[in-house]
file entry.tsv (TSV, C-alpha atoms and all ligand atoms)
chain	number	residue	atom	x	y	z
A	1	MET	CA	25.55	-11.79	-5.31
A	2	ILE	CA	23.29	-9.21	-7.00
A	3	PRO	CA	21.55	-7.66	-3.98
A	4	ILE	CA	17.79	-6.98	-3.88
A	5	THR	CA	18.51	-3.47	-2.52
A	6	VAL	CA	21.50	-1.17	-2.34
A	7	VAL	CA	21.55	1.72	0.11
A	8	ASP	CA	23.71	4.56	-1.21
A	9	VAL	CA	23.56	7.82	0.74
A	10	ARG	CA	27.13	8.98	0.16
A	11	ASP	CA	25.85	12.17	-1.49
A	12	ALA	CA	24.58	13.35	1.91
A	13	GLU	CA	28.02	13.64	3.47
A	14	ASP	CA	28.35	17.42	3.22
A	15	LEU	CA	24.89	18.19	4.61
A	16	VAL	CA	25.25	15.68	7.43
A	17	VAL	CA	28.61	17.14	8.40
A	18	GLU	CA	27.05	20.61	8.32
A	19	VAL	CA	24.45	19.48	10.88
A	20	LEU	CA	27.08	17.77	13.04
A	21	ARG	CA	29.24	20.89	13.10
A	22	SER	CA	26.26	23.12	13.92
A	23	GLY	CA	25.58	21.23	17.15
A	24	ALA	CA	21.82	21.66	16.48
A	25	ILE	CA	21.02	18.05	15.66
A	26	ALA	CA	17.37	17.57	16.66
A	27	GLN	CA	14.38	18.87	14.66
A	28	GLY	CA	15.30	22.22	13.13
A	29	PRO	CA	15.99	23.96	9.81
A	30	MET	CA	17.11	20.81	7.95
A	31	VAL	CA	13.78	19.12	8.73
A	32	LYS	CA	11.99	22.21	7.38
A	33	ARG	CA	14.08	22.07	4.23
A	34	PHE	CA	13.31	18.39	3.80
A	35	GLU	CA	9.58	19.03	4.31
A	36	ASP	CA	9.52	21.77	1.68
A	37	ALA	CA	11.26	19.54	-0.85
A	38	PHE	CA	8.93	16.65	-0.03
A	39	ALA	CA	5.75	18.74	-0.38
A	40	HIS	CA	6.98	19.66	-3.83
A	41	VAL	CA	7.35	15.96	-4.77
A	42	ALA	CA	3.90	15.04	-3.42
A	43	GLY	CA	2.29	18.14	-4.89
A	44	THR	CA	0.72	19.00	-1.53
A	45	LYS	CA	0.59	22.21	0.47
A	46	HIS	CA	2.03	20.56	3.56
A	47	ALA	CA	4.56	17.85	4.41
A	48	ILE	CA	5.09	16.98	8.07
A	49	ALA	CA	8.22	14.92	8.75
A	50	VAL	CA	8.03	12.30	11.49
A	51	ASN	CA	10.29	9.59	12.87
A	52	ASN	CA	9.05	6.69	10.72
A	53	GLY	CA	6.35	5.57	8.34
A	54	THR	CA	4.42	3.67	10.99
A	55	THR	CA	4.04	6.74	13.19
A	56	ALA	CA	3.02	8.72	10.09
A	57	LEU	CA	0.04	6.36	9.84
A	58	VAL	CA	-0.66	6.40	13.59
A	59	ALA	CA	-0.53	10.21	13.82
A	60	SER	CA	-2.77	10.58	10.76
A	61	LEU	CA	-5.39	8.34	12.33
A	62	GLN	CA	-5.09	10.11	15.69
A	63	ALA	CA	-5.57	13.48	14.01
A	64	LEU	CA	-8.97	12.34	12.74
A	65	ASP	CA	-10.32	11.88	16.29
A	66	LEU	CA	-11.86	8.48	15.64
A	67	ALA	CA	-14.24	7.07	18.25
A	68	PRO	CA	-14.03	3.50	19.56
A	69	GLY	CA	-15.71	1.21	17.03
A	70	ASP	CA	-14.91	3.42	14.06
A	71	GLU	CA	-13.56	1.36	11.21
A	72	VAL	CA	-10.65	1.66	8.83
A	73	ILE	CA	-10.81	-0.34	5.62
A	74	THR	CA	-7.46	-1.48	4.22
A	75	SER	CA	-5.59	-4.12	2.25
A	76	PRO	CA	-4.89	-7.61	3.62
A	77	PHE	CA	-1.75	-7.74	1.44
A	78	THR	CA	0.66	-5.24	2.93
A	79	PHE	CA	3.55	-4.79	5.32
A	80	VAL	CA	2.45	-5.36	8.91
A	81	ALA	CA	2.97	-1.69	9.81
A	82	THR	CA	-0.31	-0.80	8.07
A	83	LEU	CA	-2.21	-3.10	10.41
A	84	ASN	CA	-0.20	-2.26	13.53
A	85	ALA	CA	-0.76	1.46	13.02
A	86	ILE	CA	-4.54	1.04	12.89
A	87	LEU	CA	-4.47	-1.13	16.02
A	88	GLU	CA	-2.29	1.37	17.87
A	89	ALA	CA	-4.73	4.14	16.98
A	90	GLY	CA	-7.48	2.01	18.51
A	91	ALA	CA	-9.62	1.75	15.39
A	92	THR	CA	-11.33	-1.39	14.15
A	93	VAL	CA	-9.79	-2.95	11.04
A	94	ARG	CA	-11.78	-4.17	8.04
A	95	PHE	CA	-10.08	-5.67	5.03
A	96	ALA	CA	-11.01	-5.56	1.36
A	97	ASP	CA	-9.46	-8.01	-1.10
A	98	ILE	CA	-6.93	-6.83	-3.67
A	99	ARG	CA	-6.69	-6.91	-7.44
A	100	ARG	CA	-4.17	-9.15	-9.12
A	101	ASP	CA	-3.01	-6.48	-11.58
A	102	ASP	CA	-2.01	-3.73	-9.14
A	103	PHE	CA	-1.81	-5.69	-5.85
A	104	ALA	CA	-3.91	-2.98	-4.18
A	105	ILE	CA	-7.45	-2.73	-2.79
A	106	ASP	CA	-10.13	-3.71	-5.28
A	107	PRO	CA	-12.60	-0.81	-5.39
A	108	ASP	CA	-15.46	-3.31	-5.73
A	109	ALA	CA	-14.41	-5.10	-2.54
A	110	ALA	CA	-13.86	-1.78	-0.77
A	111	ALA	CA	-17.48	-0.89	-1.43
A	112	ALA	CA	-18.34	-3.31	1.42
A	113	ILE	CA	-18.36	-0.35	3.75
A	114	THR	CA	-20.40	-0.34	6.96
A	115	ASP	CA	-21.99	2.54	8.82
A	116	ARG	CA	-18.97	2.58	11.10
A	117	THR	CA	-16.39	2.94	8.33
A	118	LYS	CA	-14.64	6.28	8.64
A	119	VAL	CA	-11.37	5.84	6.78
A	120	LEU	CA	-10.33	4.23	3.53
A	121	MET	CA	-6.64	3.30	3.67
A	122	PRO	CA	-5.39	2.00	0.33
A	123	VAL	CA	-1.81	0.75	0.18
A	124	HIS	CA	0.11	1.72	-2.95
A	125	LEU	CA	2.13	-1.48	-3.11
A	126	TYR	CA	5.51	-1.91	-4.83
A	127	GLY	CA	5.49	1.65	-6.22
A	128	GLN	CA	2.22	1.75	-8.14
A	129	THR	CA	-0.88	3.51	-6.81
A	130	ALA	CA	-4.15	1.77	-6.11
A	131	ASP	CA	-7.05	2.57	-8.45
A	132	MET	CA	-7.60	6.09	-7.11
A	133	GLY	CA	-9.87	6.85	-10.06
A	134	LYS	CA	-12.47	4.63	-8.40
A	135	LEU	CA	-11.42	4.80	-4.75
A	136	ALA	CA	-11.42	8.59	-4.42
A	137	PRO	CA	-15.03	9.01	-5.69
A	138	LEU	CA	-16.10	6.05	-3.52
A	139	ALA	CA	-14.63	7.74	-0.44
A	140	ALA	CA	-16.25	11.05	-1.35
A	141	GLU	CA	-19.64	9.46	-1.87
A	142	ARG	CA	-19.53	7.58	1.45
A	143	GLU	CA	-17.92	10.49	3.32
A	144	LEU	CA	-14.78	8.59	4.24
A	145	ARG	CA	-11.40	10.14	4.88
A	146	ILE	CA	-8.61	8.78	2.69
A	147	ILE	CA	-5.29	7.91	4.28
A	148	GLU	CA	-2.93	6.61	1.63
A	149	ASP	CA	-0.23	4.21	2.77
A	150	SER	CA	2.26	5.61	0.28
A	151	ALA	CA	5.27	4.11	2.07
A	152	GLN	CA	6.45	2.43	-1.15
A	153	ALA	CA	5.24	5.04	-3.60
A	154	VAL	CA	7.16	8.30	-3.34
A	155	GLY	CA	6.88	10.00	-6.74
A	156	ALA	CA	4.15	7.66	-8.06
A	157	SER	CA	1.00	9.13	-9.54
A	158	PHE	CA	-2.46	8.30	-10.85
A	159	GLU	CA	-3.58	10.29	-13.88
A	160	GLY	CA	-1.01	12.94	-13.06
A	161	ARG	CA	-2.02	13.27	-9.42
A	162	ALA	CA	0.72	12.26	-6.98
A	163	ALA	CA	0.46	9.48	-4.43
A	164	GLY	CA	-0.15	11.13	-1.08
A	165	SER	CA	-2.23	13.99	-2.50
A	166	TYR	CA	-5.67	12.36	-2.38
A	167	GLY	CA	-6.26	12.94	1.31
A	168	ILE	CA	-3.61	12.28	3.91
A	169	GLY	CA	-0.46	10.68	2.49
A	170	CYS	CA	1.85	8.60	4.67
A	171	PHE	CA	5.37	7.86	3.47
A	172	SER	CA	8.21	5.80	4.91
A	173	LEU	CA	11.86	6.81	4.68
A	174	TYR	CA	13.23	3.50	5.98
A	175	ALA	CA	16.65	2.44	4.69
A	176	THR	CA	15.34	0.32	1.82
A	177	LYS	CA	12.59	2.65	0.60
A	178	ASN	CA	12.98	4.69	-2.61
A	179	VAL	CA	13.94	7.76	-0.54
A	180	THR	CA	15.60	7.15	2.82
A	181	THR	CA	16.71	9.02	5.93
A	182	ALA	CA	17.71	5.70	7.64
A	183	GLU	CA	14.47	5.83	9.63
A	184	GLY	CA	11.84	8.45	8.94
A	185	GLY	CA	8.38	9.21	7.67
A	186	VAL	CA	6.33	12.02	6.16
A	187	ILE	CA	2.67	12.98	6.21
A	188	THR	CA	1.36	15.02	3.27
A	189	THR	CA	-1.89	16.98	3.07
A	190	ASP	CA	-3.50	20.09	1.59
A	191	ASP	CA	-5.62	20.58	4.70
A	192	ASP	CA	-4.29	23.52	6.78
A	193	VAL	CA	-6.15	22.57	9.96
A	194	LEU	CA	-5.01	18.96	9.82
A	195	ALA	CA	-1.40	19.94	9.07
A	196	ASP	CA	-1.37	22.26	12.06
A	197	LYS	CA	-2.82	19.56	14.29
A	198	LEU	CA	-0.25	17.01	13.09
A	199	ARG	CA	2.62	19.40	13.84
A	200	VAL	CA	1.33	19.94	17.37
A	201	LEU	CA	0.68	16.22	17.86
A	202	ARG	CA	4.21	15.41	16.70
A	203	ASN	CA	5.68	17.51	19.49
A	204	GLN	CA	3.92	16.29	22.67
A	205	GLY	CA	0.77	18.23	21.80
A	206	MET	CA	2.72	21.42	22.54
A	207	ARG	CA	1.90	24.57	20.56
A	208	ALA	CA	4.34	26.87	22.36
A	209	ARG	CA	6.65	26.00	25.20
A	210	TYR	CA	4.65	24.14	27.88
A	211	GLN	CA	1.34	25.05	26.25
A	212	TYR	CA	-0.31	21.70	25.66
A	213	GLU	CA	-3.35	21.49	23.42
A	214	MET	CA	-3.76	17.72	23.24
A	215	ALA	CA	-2.15	14.56	24.52
A	216	GLY	CA	0.56	14.24	21.93
A	217	HIS	CA	3.65	12.18	21.38
A	218	ASN	CA	7.26	12.51	20.31
A	219	TYR	CA	7.06	11.77	16.60
A	220	ARG	CA	9.83	14.19	15.60
A	221	MET	CA	12.44	13.67	12.90
A	222	THR	CA	15.99	14.92	13.54
A	223	ASP	CA	17.99	17.35	11.39
A	224	LEU	CA	20.63	14.63	11.03
A	225	HIS	CA	18.11	12.33	9.39
A	226	ALA	CA	16.62	15.08	7.23
A	227	ALA	CA	20.11	15.87	5.92
A	228	VAL	CA	20.49	12.27	4.74
A	229	GLY	CA	17.34	12.52	2.63
A	230	ILE	CA	17.59	15.96	1.02
A	231	PRO	CA	20.03	15.05	-1.79
A	232	GLN	CA	17.85	12.08	-2.77
A	233	LEU	CA	14.80	14.31	-3.11
A	234	GLU	CA	16.81	16.65	-5.31
A	235	LYS	CA	17.61	13.84	-7.73
A	236	LEU	CA	14.51	11.74	-7.27
A	237	ASP	CA	13.55	12.04	-10.94
A	238	GLN	CA	16.84	10.42	-12.01
A	239	LEU	CA	16.63	7.70	-9.37
A	240	THR	CA	13.07	6.86	-10.41
A	241	ALA	CA	13.95	6.93	-14.12
A	242	ALA	CA	16.72	4.41	-13.44
A	243	ARG	CA	14.24	2.09	-11.68
A	244	GLN	CA	11.79	2.47	-14.58
A	245	ALA	CA	14.46	1.69	-17.18
A	246	ASN	CA	15.52	-1.38	-15.18
A	247	ALA	CA	11.92	-2.59	-14.91
A	248	LYS	CA	11.44	-2.15	-18.65
A	249	ARG	CA	14.54	-4.20	-19.43
A	250	LEU	CA	13.45	-6.94	-17.01
A	251	SER	CA	9.94	-7.07	-18.49
A	252	GLU	CA	11.22	-7.25	-22.06
A	253	GLY	CA	13.68	-9.97	-21.14
A	254	LEU	CA	11.28	-12.03	-19.04
A	255	ALA	CA	8.28	-11.81	-21.39
A	256	GLY	CA	7.07	-15.25	-22.44
A	257	THR	CA	8.77	-17.16	-19.61
A	258	PRO	CA	6.45	-20.13	-19.01
A	259	GLY	CA	4.37	-19.80	-15.85
A	260	LEU	CA	5.64	-16.32	-15.02
A	261	GLU	CA	3.39	-13.25	-14.84
A	262	ILE	CA	5.36	-10.06	-15.20
A	263	PRO	CA	4.23	-6.90	-13.38
A	264	GLN	CA	1.99	-4.48	-15.25
A	265	VAL	CA	2.06	-0.72	-15.42
A	266	LEU	CA	-1.62	0.13	-15.62
A	267	PRO	CA	-2.82	2.93	-17.90
A	268	GLY	CA	-2.53	6.41	-16.41
A	269	ARG	CA	-0.26	5.27	-13.57
A	270	GLU	CA	3.32	6.32	-13.01
A	271	HIS	CA	5.01	3.31	-11.40
A	272	VAL	CA	8.13	4.08	-9.34
A	273	TRP	CA	9.17	0.43	-8.94
A	274	HIS	CA	9.91	0.14	-5.26
A	275	GLN	CA	9.81	-3.57	-6.07
A	276	TYR	CA	9.70	-5.50	-9.32
A	277	THR	CA	7.36	-8.35	-8.42
A	278	VAL	CA	6.55	-11.32	-10.61
A	279	LEU	CA	3.90	-13.95	-9.94
A	280	VAL	CA	5.02	-17.56	-10.22
A	281	GLY	CA	1.89	-19.34	-11.41
A	282	PRO	CA	0.83	-22.95	-10.82
A	283	HIS	CA	2.09	-24.02	-14.28
A	284	ALA	CA	5.65	-22.75	-13.81
A	285	MET	CA	8.39	-25.40	-13.71
A	286	LEU	CA	9.25	-24.39	-10.14
A	287	SER	CA	7.09	-23.19	-7.27
A	288	ARG	CA	7.65	-19.66	-6.02
A	289	ASP	CA	9.69	-20.90	-3.06
A	290	GLU	CA	11.78	-23.20	-5.26
A	291	LEU	CA	12.45	-20.35	-7.68
A	292	ALA	CA	13.49	-18.10	-4.78
A	293	ALA	CA	15.90	-20.74	-3.44
A	294	SER	CA	17.31	-21.44	-6.89
A	295	LEU	CA	17.95	-17.74	-7.57
A	296	THR	CA	19.63	-17.27	-4.20
A	297	GLU	CA	21.87	-20.24	-4.94
A	298	ARG	CA	22.82	-18.65	-8.28
A	299	GLY	CA	23.65	-15.28	-6.75
A	300	ILE	CA	20.46	-13.40	-7.63
A	301	GLY	CA	19.02	-11.56	-4.64
A	302	ASN	CA	15.25	-11.77	-4.31
A	303	GLY	CA	12.52	-11.20	-1.74
A	304	ILE	CA	9.08	-12.45	-0.80
A	305	TYR	CA	6.89	-9.45	0.04
A	306	TYR	CA	4.71	-10.73	1.66
A	307	PRO	CA	4.51	-14.47	2.38
A	308	LYS	CA	1.12	-14.38	4.11
A	309	ILE	CA	-2.00	-12.30	4.47
A	310	VAL	CA	-1.16	-9.61	6.99
A	311	PHE	CA	-3.46	-10.79	9.79
A	312	ASP	CA	-2.77	-14.53	9.35
A	313	TYR	CA	-0.54	-14.83	12.43
A	314	ASP	CA	-1.37	-16.16	15.88
A	315	CYS	CA	-0.79	-12.78	17.50
A	316	TYR	CA	-3.73	-11.31	15.57
A	317	ARG	CA	-6.16	-14.21	15.87
A	318	GLY	CA	-9.21	-13.25	17.89
A	319	HIS	CA	-7.96	-9.67	18.24
A	320	PRO	CA	-10.92	-7.54	19.34
A	321	LEU	CA	-10.06	-4.83	16.80
A	322	ILE	CA	-9.91	-7.33	13.91
A	323	PRO	CA	-13.38	-8.87	14.20
A	324	GLY	CA	-14.36	-11.68	11.89
A	325	ALA	CA	-11.30	-11.54	9.65
A	326	ASP	CA	-11.00	-14.83	7.76
A	327	VAL	CA	-8.29	-15.62	5.21
A	328	ASN	CA	-10.87	-17.48	3.10
A	329	ASP	CA	-12.56	-14.17	2.35
A	330	PHE	CA	-9.47	-12.95	0.48
A	331	PRO	CA	-8.80	-15.37	-2.37
A	332	VAL	CA	-6.84	-12.93	-4.51
A	333	ALA	CA	-4.57	-11.80	-1.67
A	334	SER	CA	-4.05	-15.44	-0.65
A	335	ALA	CA	-3.04	-16.48	-4.17
A	336	VAL	CA	-0.74	-13.50	-4.61
A	337	ALA	CA	0.94	-14.13	-1.22
A	338	ALA	CA	1.76	-17.66	-2.43
A	339	GLN	CA	3.08	-16.55	-5.83
A	340	ALA	CA	4.77	-13.15	-5.46
A	341	LEU	CA	8.54	-12.88	-5.82
A	342	SER	CA	10.48	-9.63	-6.08
A	343	LEU	CA	13.62	-9.31	-8.19
A	344	PRO	CA	16.27	-6.58	-7.98
A	345	VAL	CA	15.22	-3.32	-9.72
A	346	HIS	CA	17.16	-0.71	-7.69
A	347	PRO	CA	18.90	2.18	-9.47
A	348	HIS	CA	22.41	0.79	-9.00
A	349	LEU	CA	22.01	-2.28	-11.23
A	350	THR	CA	24.19	-2.51	-14.34
A	351	ASP	CA	22.88	-3.74	-17.69
A	352	GLY	CA	25.10	-6.79	-17.21
A	353	GLN	CA	23.44	-7.57	-13.89
A	354	LEU	CA	19.97	-7.11	-15.35
A	355	ASP	CA	20.81	-9.50	-18.17
A	356	LYS	CA	22.17	-12.01	-15.66
A	357	ILE	CA	18.89	-11.83	-13.70
A	358	ILE	CA	16.86	-12.36	-16.89
A	359	GLU	CA	19.02	-15.23	-18.15
A	360	THR	CA	18.99	-17.01	-14.80
A	361	VAL	CA	15.23	-16.74	-14.29
A	362	ARG	CA	14.57	-17.95	-17.85
A	363	GLU	CA	17.01	-20.80	-17.50
A	364	VAL	CA	15.67	-22.17	-14.21
A	365	LEU	CA	12.08	-21.91	-15.47
A	366	GLY	CA	12.95	-23.80	-18.65
A	367	ALA	CA	12.38	-20.93	-21.10
A	401	LIG	C1	7.76	0.46	5.12
A	401	LIG	C2	6.29	0.43	5.19
A	401	LIG	C3	5.58	0.98	6.26
A	401	LIG	C4	6.22	1.44	7.55
A	401	LIG	O1	7.24	2.32	7.44
A	401	LIG	P1	8.41	2.36	8.55
A	401	LIG	O2	9.17	3.57	8.16
A	401	LIG	O3	9.20	1.11	8.41
A	401	LIG	O4	7.78	2.51	9.88
A	401	LIG	C5	4.19	1.00	6.20
A	401	LIG	N1	3.54	0.50	5.15
A	401	LIG	C6	4.17	-0.08	4.11
A	401	LIG	C7	3.37	-0.62	2.97
A	401	LIG	C8	5.57	-0.14	4.10
A	401	LIG	O5	6.19	-0.73	3.08
call {"tool": "encode", "arguments": {"input": "entry.tsv", "output": "structure tokens"}}
result
Amino acid sequence: MIPITVVDVRDAEDLVVEVLRSGAIAQGPMVKRFEDAFAHVAGTKHAIAVNNGTTALVASLQALDLAPGDEVITSPFTFVATLNAILEAGATVRFADIRRDDFAIDPDAAAAITDRTKVLMPVHLYGQTADMGKLAPLAAERELRIIEDSAQAVGASFEGRAAGSYGIGCFSLYATKNVTTAEGGVITTDDDVLADKLRVLRNQGMRARYQYEMAGHNYRMTDLHAAVGIPQLEKLDQLTAARQANAKRLSEGLAGTPGLEIPQVLPGREHVWHQYTVLVGPHAMLSRDELAASLTERGIGNGIYYPKIVFDYDCYRGHPLIPGADVNDFPVASAVAAQALSLPVHPHLTDGQLDKIIETVREVLGA
């Protein structure tokens, strides 16, 4: 089986052992070291490490002091954490349909902002940023804060500006993400006041011992986790380059396969290939689900991210914070959810494995 992801953190052994031997295992100097390295990657003044990507989003929203009824506009085609974070923060969710070329919020759809909209939360899906060239000016014009769900986009950029540097960036360090600490998250920002507030919020709202400034939470990362991630940040350029080379080989090999749309790298965008996601169109020899089953049977790992629009589950129907959401309003997201299939692109693939993936996909689709 060629797996869809490989988690390899063996390079962290020395640093992890160092933390274990020190006996200081909770948030401490290793977290600080991780934050400094991460701020460098995101090109921001501050990076605040937290315990996962979902709490990065929740804390970012909490730090903005939203009032009940304030709205966050986001993508209907995303991992459920994006939605759950907004609900946990108590904000009202509005969705804007996506574009088929970058799988992210369509700036035209996002312009459907109401008087209550306070935050624009684009999701940089699969490792490519949303169209920040249009979204950032839109947010500025309508006085919206930008929170980027950059969970899948560490190291990505738009016209040279890094994902996570347009406002408040939220990253995930979950096991399968491009950089991992097993579980973990990071918030990036250039705003000194916000960064300070997030650091206090992360630690029970406590500025100094037993001096509480706000009702906070425990969102802390541990030094053990930070130690797992530091070596990956040090060689992130190589890891990303390997993903990019793999994607290029896949795209060259899969070009012209009947019914298959291969993923695009849009002009000016640095794609870090968290996922390599093809669209299996209506004229392909197999449906998306049939192709997925056929690949699995032939030993090619694959994944469907995501099978449905994010709010199209019973647990969200009629939710007071998701008023009026209707799947019929999101034709592009609906089509993409029915057609998207991710193939292995991780840095540990061999050329032989890549060729096997290409040959198998071409063969089963009759190319
Ligand atoms: C992984 C992910 C998250 C959540 O991150 P966790 O670390 O798993 O909490 C949020 N949004 C997107 C788009 C993700 O892929």
call {"tool": "residues_near_ligand", "arguments": {"input": "entry.tsv", "ligand": "ligand LIG 401 (chain A)", "cutoff": "6 Å", "atoms": "only C-alpha atoms and all ligand atoms", "output": "list of chain:residue names"}}
result
A:Asn52, A:Gly53, A:Thr54, A:Thr78, A:Phe79, A:Ala81, A:Thr82, A:Asp149, A:Ala151, A:Gln152, A:Ser172, A:Leu173, A:Tyr174, A:Glu183, A:Gly184, A:Gly185
call {"tool": "closest_residue", "arguments": {"input": "entry.tsv", "among": "A:Gly69, A:Gly28, A:Gly205, A:Gly169", "to": "A:Pro323", "atoms": "all atoms listed in the file"}}
result
A:Gly69
call {"tool": "atom_distance", "arguments": {"input": "entry.tsv", "atom1": "atom CA of A:His124", "atom2": "atom CA of A:Gln62"}}
result
21.1 Å
call {"tool": "closest_residue", "arguments": {"input": "entry.tsv", "among": "A:Leu341, A:Val310, A:Ile300, A:Ile48", "to": "A:Ile2", "atoms": "all atoms listed in the file"}}
result
A:Ile300
call {"tool": "residues_around", "arguments": {"input": "entry.tsv", "residues": "A:Ser342", "least_positions_apart": "2", "cutoff": "6 Å", "atoms": "only C-alpha atoms", "output": "PyMOL selection string"}}
result
chain A and resi 276-277+302-303
call {"tool": "write_last_selection", "arguments": {"input": "entry.tsv", "atoms": "C-alpha atoms", "output": "compact mmCIF listing (two decimals), in the coordinates of the input"}}
result
# COMPACT_ATOMS: atom_id res chain seq x y z
CA TYR A 276 9.70 -5.50 -9.32
CA THR A 277 7.36 -8.35 -8.42
CA ASN A 302 15.25 -11.77 -4.31
CA GLY A 303 12.52 -11.20 -1.74
call {"tool": "residues_around", "arguments": {"input": "entry.tsv", "residues": "A:Thr176", "least_positions_apart": "5", "cutoff": "8 Å", "atoms": "all atoms listed in the file", "output": "number ranges by chain"}}
result
A: 5-7
call {"tool": "closest_residue", "arguments": {"input": "entry.tsv", "among": "A:Leu224, A:Ile322, A:Ile4, A:Ile98", "to": "A:Gly299", "atoms": "only C-alpha atoms"}}
result
A:Ile4
call {"tool": "residues_near_point", "arguments": {"input": "entry.tsv", "point": "(-4.6, 12.5, -5.4)", "cutoff": "10 Å", "atoms": "all atoms listed in the file", "output": "ChimeraX atom specification"}}
result
/A:42-44,129,132-133,136,146,148,157-169,189
call {"tool": "write_last_selection", "arguments": {"input": "entry.tsv", "atoms": "C-alpha atoms", "output": "compact mmCIF listing (two decimals), in the frame of the given file"}}
result
# COMPACT_ATOMS: atom_id res chain seq x y z
CA ALA A 42 3.90 15.04 -3.42
CA GLY A 43 2.29 18.14 -4.89
CA THR A 44 0.72 19.00 -1.53
CA THR A 129 -0.88 3.51 -6.81
CA MET A 132 -7.60 6.09 -7.11
CA GLY A 133 -9.87 6.85 -10.06
CA ALA A 136 -11.42 8.59 -4.42
CA ILE A 146 -8.61 8.78 2.69
CA GLU A 148 -2.93 6.61 1.63
CA SER A 157 1.00 9.13 -9.54
CA PHE A 158 -2.46 8.30 -10.85
CA GLU A 159 -3.58 10.29 -13.88
CA GLY A 160 -1.01 12.94 -13.06
CA ARG A 161 -2.02 13.27 -9.42
CA ALA A 162 0.72 12.26 -6.98
CA ALA A 163 0.46 9.48 -4.43
CA GLY A 164 -0.15 11.13 -1.08
CA SER A 165 -2.23 13.99 -2.50
CA TYR A 166 -5.67 12.36 -2.38
CA GLY A 167 -6.26 12.94 1.31
CA ILE A 168 -3.61 12.28 3.91
CA GLY A 169 -0.46 10.68 2.49
CA THR A 189 -1.89 16.98 3.07
call {"tool": "closest_residue", "arguments": {"input": "entry.tsv", "among": "A:Pro107, A:Pro122, A:Gly366, A:Pro344", "to": "A:Arg249", "atoms": "only C-alpha atoms"}}
result
A:Pro344
call {"tool": "closest_residue", "arguments": {"input": "entry.tsv", "among": "A:Ala255, A:Ala59, A:Val50, A:Ile304", "to": "A:Gly216", "atoms": "only C-alpha atoms"}}
result
A:Ala59
call {"tool": "closest_residue", "arguments": {"input": "entry.tsv", "among": "A:Gly301, A:Gly155, A:Gly281, A:Pro320", "to": "A:Gly259", "atoms": "all atoms listed in the file"}}
result
A:Gly281
